[in-house]
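Dropping input38.pdb in here (PDB, C-alpha atoms):
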```pdb
ATOM      1  CA  MET A  15      71.700  57.535  63.714
ATOM      2  CA  TRP A  16      71.999  60.707  65.822
ATOM      3  CA  GLY A  17      69.401  61.290  68.488
ATOM      4  CA  PRO A  18      68.314  64.564  70.137
ATOM      5  CA  VAL A  19      70.777  66.276  72.460
ATOM      6  CA  LEU A  20      69.443  67.605  75.749
ATOM      7  CA  LEU A  21      70.941  70.941  76.820
ATOM      8  CA  SER A  22      70.603  72.299  80.343
ATOM      9  CA  LEU A  23      70.463  76.067  80.715
ATOM     10  CA  SER A  24      70.519  77.851  84.069
ATOM     11  CA  ILE A  25      69.584  81.512  84.369
ATOM     12  CA  LEU A  26      70.389  83.420  87.563
ATOM     13  CA  VAL A  27      68.121  86.274  88.418
ATOM     14  CA  SER A  28      69.118  89.028  90.830
ATOM     15  CA  ALA A  29      66.791  90.376  93.506
ATOM     16  CA  ASP A  30      65.667  93.247  91.282
ATOM     17  CA  GLY A  31      64.683  90.885  88.444
ATOM     18  CA  GLY A  32      67.740  91.453  86.244
ATOM     19  CA  LEU A  33      70.253  88.894  85.082
ATOM     20  CA  ALA A  34      73.088  88.176  87.523
ATOM     21  CA  SER A  35      76.519  86.724  86.972
ATOM     22  CA  PRO A  36      77.247  83.405  88.778
ATOM     23  CA  ASP A  37      80.169  85.042  90.646
ATOM     24  CA  THR A  38      78.349  88.183  91.774
ATOM     25  CA  GLY A  39      79.029  89.070  95.375
ATOM     26  CA  PRO A  40      80.771  91.469  97.717
ATOM     27  CA  PRO A  41      84.418  91.191  98.814
ATOM     28  CA  THR A  42      85.037  89.341 102.060
ATOM     29  CA  GLY A  43      86.080  91.066 105.280
ATOM     30  CA  SER A  44      86.924  94.753 105.257
ATOM     31  CA  PRO A  45      89.262  96.950 103.193
ATOM     32  CA  GLN A  46      92.965  96.930 104.111
ATOM     33  CA  CYS A  47      94.846 100.232 104.468
ATOM     34  CA  PHE A  48      98.553 100.892 103.990
ATOM     35  CA  SER A  49     100.820 103.929 103.856
ATOM     36  CA  SER A  50     104.285 104.333 102.369
ATOM     37  CA  LEU A  51     106.712 106.875 100.980
ATOM     38  CA  SER A  52     106.412 107.719  97.321
ATOM     39  CA  PRO A  53     109.174 106.090  95.214
ATOM     40  CA  SER A  54     109.808 109.456  93.594
ATOM     41  CA  SER A  55     110.065 111.547  96.779
ATOM     42  CA  SER A  56     110.161 110.835 100.522
ATOM     43  CA  SER A  57     108.219 114.086 101.047
ATOM     44  CA  GLU A  58     105.182 112.575  99.291
ATOM     45  CA  LEU A  59     102.720 110.217 100.979
ATOM     46  CA  LEU A  60     101.135 107.192  99.310
ATOM     47  CA  LEU A  61      97.830 105.935 100.736
ATOM     48  CA  LEU A  62      96.758 102.494  99.542
ATOM     49  CA  CYS A  63      93.353 100.870 100.099
ATOM     50  CA  SER A  64      92.673  97.319  98.923
ATOM     51  CA  TRP A  65      89.405  95.316  98.988
ATOM     52  CA  PRO A  66      89.652  92.576  96.329
ATOM     53  CA  GLY A  67      87.350  89.674  95.524
ATOM     54  CA  GLY A  68      84.043  91.381  94.755
ATOM     55  CA  HIS A  69      82.029  91.353  91.550
ATOM     56  CA  PRO A  70      81.289  93.912  90.356
ATOM     57  CA  GLU A  71      84.148  95.948  91.794
ATOM     58  CA  PRO A  72      83.434  97.822  95.027
ATOM     59  CA  THR A  73      83.498 101.589  95.433
ATOM     60  CA  LEU A  74      86.298 102.867  97.673
ATOM     61  CA  LEU A  75      86.511 106.306  99.281
ATOM     62  CA  TRP A  76      89.584 107.908 100.900
ATOM     63  CA  LYS A  77      88.768 110.773 103.269
ATOM     64  CA  GLU A  78      90.121 112.519 106.353
ATOM     65  CA  ASP A  79      88.776 111.131 109.597
ATOM     66  CA  ASN A  80      89.566 113.659 112.310
ATOM     67  CA  THR A  81      89.189 117.310 113.168
ATOM     68  CA  LYS A  82      91.986 119.377 111.648
ATOM     69  CA  PRO A  83      93.917 122.133 113.439
ATOM     70  CA  ALA A  84      92.613 125.633 112.767
ATOM     71  CA  GLY A  85      93.635 127.013 109.391
ATOM     72  CA  LEU A  86      94.044 123.669 107.574
ATOM     73  CA  ARG A  87      91.542 122.967 104.825
ATOM     74  CA  GLN A  88      90.064 119.616 103.798
ATOM     75  CA  GLN A  89      92.632 117.876 101.660
ATOM     76  CA  LEU A  90      91.322 114.455 100.744
ATOM     77  CA  ASN A  91      87.997 113.163  99.425
ATOM     78  CA  VAL A  92      88.605 110.712  96.582
ATOM     79  CA  SER A  93      86.112 108.033  95.499
ATOM     80  CA  ARG A  94      86.412 105.467  92.699
ATOM     81  CA  ARG A  95      84.950 102.130  91.612
ATOM     82  CA  THR A  96      87.946  99.826  92.002
ATOM     83  CA  ASP A  97      89.303  97.161  94.320
ATOM     84  CA  ASN A  98      92.606  99.061  94.796
ATOM     85  CA  LEU A  99      92.582 102.818  95.361
ATOM     86  CA  VAL A 100      95.929 104.638  95.593
ATOM     87  CA  VAL A 101      96.273 108.362  96.223
ATOM     88  CA  THR A 102      99.401 110.521  96.436
ATOM     89  CA  MET A 103      99.645 113.547  98.729
ATOM     90  CA  ASN A 104     102.398 116.103  99.182
ATOM     91  CA  SER A 105     103.545 117.177 102.629
ATOM     92  CA  THR A 106     101.683 120.513 102.596
ATOM     93  CA  GLY A 107      99.072 120.528 105.347
ATOM     94  CA  LEU A 108      99.981 117.099 106.757
ATOM     95  CA  TYR A 109     100.485 116.884 110.521
ATOM     96  CA  ASP A 110     101.364 114.411 113.267
ATOM     97  CA  GLY A 111      98.321 112.356 114.324
ATOM     98  CA  GLN A 112      96.358 113.035 111.144
ATOM     99  CA  THR A 113      94.088 110.086 110.280
ATOM    100  CA  PHE A 114      92.877 109.029 106.836
ATOM    101  CA  LYS A 115      90.017 106.571 106.429
ATOM    102  CA  CYS A 116      89.086 104.291 103.524
ATOM    103  CA  VAL A 117      85.406 103.269 103.328
ATOM    104  CA  GLY A 118      84.113 100.540 100.985
ATOM    105  CA  TRP A 119      80.647  99.940  99.493
ATOM    106  CA  HIS A 120      79.285  97.115  97.350
ATOM    107  CA  PRO A 121      75.774  96.737  95.817
ATOM    108  CA  GLU A 122      75.524  93.092  96.900
ATOM    109  CA  LEU A 123      76.534  93.768 100.493
ATOM    110  CA  GLN A 124      73.703  92.904 102.895
ATOM    111  CA  ASP A 125      75.624  93.691 106.088
ATOM    112  CA  THR A 126      74.925  97.270 107.150
ATOM    113  CA  THR A 127      78.138  97.467 109.233
ATOM    114  CA  GLU A 128      80.568 100.011 107.780
ATOM    115  CA  LYS A 129      83.461  98.381 105.978
ATOM    116  CA  ALA A 130      86.463 100.615 106.549
ATOM    117  CA  CYS A 131      90.099 100.878 107.613
ATOM    118  CA  ALA A 132      92.303 103.792 108.667
ATOM    119  CA  VAL A 133      95.892 105.071 108.623
ATOM    120  CA  THR A 134      97.291 107.507 111.201
ATOM    121  CA  LEU A 135     100.386 109.570 110.366
ATOM    122  CA  ARG A 136     103.209 109.665 112.912
ATOM    123  CA  ALA A 137     106.152 112.047 112.672
ATOM    124  CA  PRO A 138     109.669 110.602 112.868
ATOM    125  CA  TYR A 139     111.227 110.679 116.322
ATOM    126  CA  PRO A 140     114.985 110.043 116.036
ATOM    127  CA  VAL A 141     116.667 108.625 119.122
ATOM    128  CA  GLY A 142     120.417 108.349 119.755
ATOM    129  CA  TYR A 143     123.483 109.830 121.475
ATOM    130  CA  PRO A 144     123.690 113.583 120.757
ATOM    131  CA  LEU A 145     127.309 113.907 121.990
ATOM    132  CA  VAL A 146     129.926 111.282 121.148
ATOM    133  CA  THR A 147     133.675 111.197 121.872
ATOM    134  CA  GLY A 148     136.075 109.197 119.693
ATOM    135  CA  PHE A 149     139.839 108.936 119.297
ATOM    136  CA  ALA A 150     142.156 110.039 116.505
ATOM    137  CA  LYS A 151     143.310 107.230 114.169
ATOM    138  CA  HIS A 152     140.481 104.977 115.405
ATOM    139  CA  ASN A 153     137.021 104.255 114.036
ATOM    140  CA  VAL A 154     133.929 105.713 115.717
ATOM    141  CA  THR A 155     130.280 104.780 115.159
ATOM    142  CA  LEU A 156     127.278 107.092 115.456
ATOM    143  CA  SER A 157     123.833 105.500 115.787
ATOM    144  CA  CYS A 158     120.301 106.761 115.264
ATOM    145  CA  SER A 159     116.937 104.996 115.301
ATOM    146  CA  ASP A 160     113.300 105.762 114.617
ATOM    147  CA  GLN A 161     110.645 103.290 115.696
ATOM    148  CA  VAL A 162     107.480 105.396 115.821
ATOM    149  CA  SER A 163     107.050 107.025 112.400
ATOM    150  CA  ASN A 164     104.238 106.081 110.024
ATOM    151  CA  PRO A 165     104.919 105.629 107.207
ATOM    152  CA  PRO A 166     108.367 104.308 108.221
ATOM    153  CA  ALA A 167     110.954 107.057 107.797
ATOM    154  CA  LYS A 168     113.911 107.070 105.447
ATOM    155  CA  ILE A 169     117.113 107.601 107.486
ATOM    156  CA  THR A 170     120.112 109.456 106.020
ATOM    157  CA  TRP A 171     123.264 110.980 107.528
ATOM    158  CA  MET A 172     124.233 114.550 106.712
ATOM    159  CA  ARG A 173     127.136 116.870 107.283
ATOM    160  CA  LYS A 174     127.610 119.662 104.752
ATOM    161  CA  GLU A 175     125.833 117.307 102.345
ATOM    162  CA  GLU A 176     124.439 113.791 102.409
ATOM    163  CA  ILE A 177     127.012 111.206 103.518
ATOM    164  CA  ARG A 178     127.295 108.128 101.305
ATOM    165  CA  ASN A 179     129.115 104.823 101.690
ATOM    166  CA  SER A 180     132.807 105.107 100.849
ATOM    167  CA  SER A 181     136.246 104.098 102.149
ATOM    168  CA  LYS A 182     135.829 106.867 104.757
ATOM    169  CA  TYR A 183     132.190 106.305 105.767
ATOM    170  CA  VAL A 184     130.354 103.011 106.286
ATOM    171  CA  ILE A 185     126.569 103.257 106.638
ATOM    172  CA  SER A 186     124.469 100.269 107.690
ATOM    173  CA  GLN A 187     120.869  99.830 108.751
ATOM    174  CA  VAL A 188     119.146  96.996 110.608
ATOM    175  CA  GLY A 189     115.410  97.557 110.905
ATOM    176  CA  PRO A 190     114.819 101.085 112.238
ATOM    177  CA  VAL A 191     118.438 101.527 113.476
ATOM    178  CA  SER A 192     120.988 103.276 111.245
ATOM    179  CA  SER A 193     124.728 103.414 112.032
ATOM    180  CA  LEU A 194     127.447 105.623 110.581
ATOM    181  CA  THR A 195     131.037 104.436 111.079
ATOM    182  CA  ILE A 196     133.756 107.017 110.449
ATOM    183  CA  VAL A 197     137.011 105.256 109.547
ATOM    184  CA  ASN A 198     140.416 106.420 110.869
ATOM    185  CA  CYS A 199     139.133 109.563 112.581
ATOM    186  CA  SER A 200     140.985 112.871 112.384
ATOM    187  CA  LYS A 201     140.371 115.732 114.808
ATOM    188  CA  ASP A 202     140.976 118.305 112.063
ATOM    189  CA  THR A 203     138.589 116.876 109.471
ATOM    190  CA  ASP A 204     136.046 114.692 111.303
ATOM    191  CA  GLU A 205     135.228 116.564 114.506
ATOM    192  CA  GLY A 206     131.995 118.536 114.437
ATOM    193  CA  ILE A 207     128.267 118.274 113.890
ATOM    194  CA  TYR A 208     126.536 115.404 112.073
ATOM    195  CA  PHE A 209     122.807 115.134 111.390
ATOM    196  CA  CYS A 210     120.660 112.020 111.472
ATOM    197  CA  LYS A 211     117.832 112.897 109.097
ATOM    198  CA  THR A 212     114.666 110.837 109.559
ATOM    199  CA  GLU A 213     112.305 111.679 106.748
ATOM    200  CA  ASN A 214     108.741 110.882 105.865
ATOM    201  CA  PRO A 215     106.290 113.626 104.849
ATOM    202  CA  LEU A 216     106.754 114.886 108.437
ATOM    203  CA  LEU A 217     110.507 115.614 108.614
ATOM    204  CA  ARG A 218     112.644 115.610 111.753
ATOM    205  CA  GLU A 219     116.423 115.672 112.361
ATOM    206  CA  MET A 220     118.676 114.808 115.299
ATOM    207  CA  GLU A 221     121.958 116.654 115.819
ATOM    208  CA  VAL A 222     125.058 114.694 116.901
ATOM    209  CA  TYR A 223     128.267 116.485 117.959
ATOM    210  CA  LEU A 224     131.404 114.353 117.566
ATOM    211  CA  THR A 225     134.543 115.206 119.576
ATOM    212  CA  ILE A 226     137.840 113.585 118.525
ATOM    213  CA  LYS A 227     140.612 113.231 121.151
ATOM    214  CA  ARG A 228     144.203 113.416 119.918
ATOM    215  CA  ASN A 229     145.520 111.384 122.883
ATOM    216  CA  TYR A 230     144.535 107.773 123.432
ATOM    217  CA  PHE A 231     144.623 106.002 126.785
ATOM    218  CA  GLY A 232     144.161 102.295 127.473
ATOM    219  CA  ASN A 233     144.350  99.209 125.263
ATOM    220  CA  GLU A 234     143.252  98.898 121.651
ATOM    221  CA  ASP A 235     139.825  97.595 122.645
ATOM    222  CA  HIS A 236     139.031 100.654 124.787
ATOM    223  CA  ASN A 237     136.118 102.732 123.623
ATOM    224  CA  GLU A 238     134.853 105.823 125.416
ATOM    225  CA  VAL A 239     131.494 107.376 124.719
ATOM    226  CA  LEU A 240     130.370 110.545 126.507
ATOM    227  CA  VAL A 241     126.612 110.980 126.405
ATOM    228  CA  LEU A 242     124.804 114.251 127.130
ATOM    229  CA  VAL A 243     121.312 115.201 126.044
ATOM    230  CA  ASP A 244     120.888 118.253 123.820
ATOM    231  CA  THR A 245     118.096 118.329 121.246
ATOM    232  CA  ASP A 246     115.075 120.479 120.510
ATOM    233  CA  ASP A 247     112.942 117.548 121.678
ATOM    234  CA  GLU A 248     113.842 115.535 124.756
ATOM    235  CA  ILE A 249     114.999 112.034 123.710
ATOM    236  CA  SER A 250     114.790 108.673 125.415
ATOM    237  CA  LEU A 251     117.937 106.610 125.944
ATOM    238  CA  ASP A 252     116.018 103.769 127.624
ATOM    239  CA  ASP A 253     115.457 101.012 125.042
ATOM    240  CA  ASN A 254     112.592  99.631 127.106
ATOM    241  CA  LYS A 255     110.580 102.830 126.960
ATOM    242  CA  GLU A 256     108.842 104.447 124.032
ATOM    243  CA  PRO A 257     110.149 107.982 123.390
ATOM    244  CA  GLU A 258     108.120 110.613 125.188
ATOM    245  CA  ARG A 259     107.490 113.984 123.608
ATOM    246  CA  GLN A 260     108.135 116.898 125.982
ATOM    247  CA  THR A 261     106.280 120.182 125.715
ATOM    248  CA  SER A 262     109.075 122.174 127.362
ATOM    249  CA  PRO A 263     112.645 122.029 126.012
ATOM    250  CA  ALA A 264     113.880 123.238 129.414
ATOM    251  CA  SER A 265     112.896 119.987 131.159
ATOM    252  CA  GLY A 266     116.254 118.219 131.445
ATOM    253  CA  SER A 267     117.782 119.568 128.212
ATOM    254  CA  ILE A 268     121.347 120.888 128.083
ATOM    255  CA  ASN A 269     122.572 123.787 125.955
ATOM    256  CA  LEU A 270     124.755 122.575 123.049
ATOM    257  CA  GLN A 271     127.355 125.290 123.658
ATOM    258  CA  GLU A 272     127.588 124.143 127.280
ATOM    259  CA  THR A 273     128.100 120.502 126.261
ATOM    260  CA  LYS A 274     130.846 121.501 123.818
ATOM    261  CA  GLN A 275     132.574 123.497 126.568
ATOM    262  CA  LYS A 276     132.419 120.541 128.958
ATOM    263  CA  ALA A 277     133.829 118.242 126.298
ATOM    264  CA  ALA A 278     136.693 120.687 125.639
ATOM    265  CA  GLU A 279     137.471 120.953 129.369
ATOM    266  CA  LYS A 280     137.517 117.174 129.687
ATOM    267  CA  ASP A 281     139.806 116.904 126.658
ATOM    268  CA  LEU A 282     142.213 119.474 128.194
ATOM    269  CA  ALA A 283     142.235 117.634 131.542
ATOM    270  CA  ASP A 284     143.080 114.340 129.830
ATOM    271  CA  THR A 285     145.908 116.038 127.913
ATOM    272  CA  GLN A 286     147.334 117.503 131.126
ATOM    273  CA  ARG A 287     147.209 114.112 132.852
ATOM    274  CA  SER A 288     149.064 112.589 129.901
ATOM    275  CA  ALA A 289     151.783 115.284 130.095
ATOM    276  CA  THR A 290     152.396 114.605 133.823
TER     277      THR A 290
END
```

Go through the file and emit its structure as structure tokens.
Amino acid sequence: MWGPVLLSLSILVSADGGLASPDTGPPTGSPQCFSSLSPSSSSELLLLCSWPGGHPEPTLLWKEDNTKPAGLRQQLNVSRRTDNLVVTMNSTGLYDGQTFKCVGWHPELQDTTEKACAVTLRAPYPVGYPLVTGFAKHNVTLSCSDQVSNPPAKITWMRKEEIRNSSKYVISQVGPVSSLTIVNCSKDTDEGIYFCKTENPLLREMEVYLTIKRNYFGNEDHNEVLVLVDTDDEISLDDNKEPERQTSPASGSINLQETKQKAAEKDLADTQRSAT
């Protein structure tokens, strides 16, 4: 014979008298902010804000968080009820040091402290040897690094067009350091200007002038590199120091035409020594 069955029913009531879900509550901690290059174009910026774990979903707002230079209008003010808010921005109007802030709200949040995170844009700052000397019929490697950009920059090597890996060119990258090795150098075809292009929505390039010597002195392991500074921005060659931006290009910079002339004079002197 079946007896009565006792059922237990619990009803949760929210503070305003309405029904509440057992898992209602705000997300823990604060939102997390990230920036990256758009998969479709390195000139586009992706801003990502994540604050998962709340029920119902929180409201997230992306906005600019600093005073803009004169002439630039407000670009970003996007709000949505979601735990992941992603916005895409093109490079127009973006500048070095610009800060974007993501603020989160939740109806169950009792803490009055603002829940927010921020991302600050940093322009690429390529560092390397602007003037390099190699030898004909030998390999030479050009190097370029960028350790300050945000989002991290995409590094490519250019001449008349983008250089790609081949039997002639070997490109490798370890962390923020990119290297271009030119195989079996020729003075006629390989000497000249190369560009290290460091690209996020705030583009910057570094010019490298490669001189190829026809005559070779010393053993097969000998490698000579002549380093002179010549860029629009002063560069740091000290690995222990963060690159310093200079306001005056005249402070320690050397004219590119002058460096080429010095390289040519050195090449001629070496040739004359070889002839004697």

Using only C-alpha atoms, which residues sit within 7 Å of Gly142 of chain A once same-chain residues fewer than 2 positions away are excluded, as a PyMOL selection string? chain A and resi 140+144+157-159+251

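Taking atom CA of Asp125 of chain A and atom CA of Arg95 of chain A as endpoints, the distance between them is 19.2 Å.
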
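Taking atom CA of Ala167 of chain A and atom CA of Gln46 of chain A as the two end points, the separation is 21.0 Å.
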
Mind checking which residues fall within 6 Å of segment 66-68 of chain A, counting only C-alpha atoms, ignoring those fewer than 2 positions away in the same chain, and posting them as a compact mmCIF listing (two decimals) with C-alpha atoms, in the coordinates of the input?
```txt
# COMPACT_ATOMS: atom_id res chain seq x y z
CA GLY A 39 79.03 89.07 95.38
CA PRO A 40 80.77 91.47 97.72
CA PRO A 41 84.42 91.19 98.81
CA PRO A 70 81.29 93.91 90.36
CA GLU A 71 84.15 95.95 91.79
CA ASP A 97 89.30 97.16 94.32
```

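Candidate residues A:Thr127, A:Asn98, A:Ser163, A:Ser64 were compared for distance to Asn214 of chain A, and the nearest is A:Ser163, using only C-alpha atoms.
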
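Between Asp204 of chain A and the candidates A:Leu99, A:Ala132, A:Met172, A:Leu224, the tightest atom-to-atom separation, counting all atoms listed in the file, involves A:Leu224.
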
Mind listing whatever residues come within 9 Å of the point (110.6, 107.4, 115.9)? Use all atoms listed in the file, file coordinates, and give them as a count of residues only. 18

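Here the PyMOL selection byres ((chain A and resi 112) around 10) captures the residues Glu78, Asp79, Asn80, Thr81, Lys82, Pro83, Gly107, Leu108, Tyr109, Asp110, Gly111, Thr113, Phe114, Val133, Thr134, Leu135, Arg136 and Ala137 of chain A.
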
Expected file: the selected residues, C-alpha atoms, as a PDB file, in the frame of the given file:
```pdb
ATOM      1  CA  GLU A  78      90.121 112.519 106.353  1.00  0.00           C
ATOM      2  CA  ASP A  79      88.776 111.131 109.597  1.00  0.00           C
ATOM      3  CA  ASN A  80      89.566 113.659 112.310  1.00  0.00           C
ATOM      4  CA  THR A  81      89.189 117.310 113.168  1.00  0.00           C
ATOM      5  CA  LYS A  82      91.986 119.377 111.648  1.00  0.00           C
ATOM      6  CA  PRO A  83      93.917 122.133 113.439  1.00  0.00           C
ATOM      7  CA  GLY A 107      99.072 120.528 105.347  1.00  0.00           C
ATOM      8  CA  LEU A 108      99.981 117.099 106.757  1.00  0.00           C
ATOM      9  CA  TYR A 109     100.485 116.884 110.521  1.00  0.00           C
ATOM     10  CA  ASP A 110     101.364 114.411 113.267  1.00  0.00           C
ATOM     11  CA  GLY A 111      98.321 112.356 114.324  1.00  0.00           C
ATOM     12  CA  THR A 113      94.088 110.086 110.280  1.00  0.00           C
ATOM     13  CA  PHE A 114      92.877 109.029 106.836  1.00  0.00           C
ATOM     14  CA  VAL A 133      95.892 105.071 108.623  1.00  0.00           C
ATOM     15  CA  THR A 134      97.291 107.507 111.201  1.00  0.00           C
ATOM     16  CA  LEU A 135     100.386 109.570 110.366  1.00  0.00           C
ATOM     17  CA  ARG A 136     103.209 109.665 112.912  1.00  0.00           C
ATOM     18  CA  ALA A 137     106.152 112.047 112.672  1.00  0.00           C
TER      19      ALA A 137
END
```

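Closest approach to Leu61 of chain A among A:Asn104, A:Trp119, A:Lys174, A:Ile169: A:Asn104, based on all atoms listed in the file.
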
Skip Lys201 of chain A itself and residues of its chain fewer than 3 positions away, then list as a ChimeraX atom specification all residues within 7 Å of it, counting only C-alpha atoms. /A:150,204-205,226-228

Written selection (C-alpha atoms) as an mmCIF file, in the coordinates of the input:
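Wrote it out as again.cif, contents follow:
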```
data_model
loop_
_atom_site.group_PDB
_atom_site.id
_atom_site.type_symbol
_atom_site.label_atom_id
_atom_site.label_comp_id
_atom_site.auth_asym_id
_atom_site.auth_seq_id
_atom_site.Cartn_x
_atom_site.Cartn_y
_atom_site.Cartn_z
ATOM 1 C CA ALA A 150 142.156 110.039 116.505
ATOM 2 C CA ASP A 204 136.046 114.692 111.303
ATOM 3 C CA GLU A 205 135.228 116.564 114.506
ATOM 4 C CA ILE A 226 137.840 113.585 118.525
ATOM 5 C CA LYS A 227 140.612 113.231 121.151
ATOM 6 C CA ARG A 228 144.203 113.416 119.918
#
```

Pick from A:Leu156, A:Thr73, A:Pro165, A:Thr170, whichever lies nearest to Leu194 of chain A using all atoms listed in the file: A:Leu156

Any chance you could resolve the PyMOL selection byres ((chain A and resi 198) around 12) against this file and give the residues as a PyMOL selection string? chain A and resi 148-155+181-184+195-197+199-205+226

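Of the listed residues A:Tyr143, A:Pro121, A:Thr102, A:Val188, the one whose atoms come nearest to Pro53 of chain A is A:Thr102, with distances taken using only C-alpha atoms.
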
As JSON, please report the centre and edge lengths, rounded to one decimal in Å, of the axis-aligned box that holds all listed atoms of segment 66-74 of chain A with 8 Å of padding on each of the six sides.
```
{"center_x": 85.5, "center_y": 96.3, "center_z": 94.0, "size_x": 24.4, "size_y": 29.2, "size_z": 23.3}
```

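Pairwise distance (atom CA of Ser49 of chain A, atom CA of Glu176 of chain A) equals 25.6 Å.
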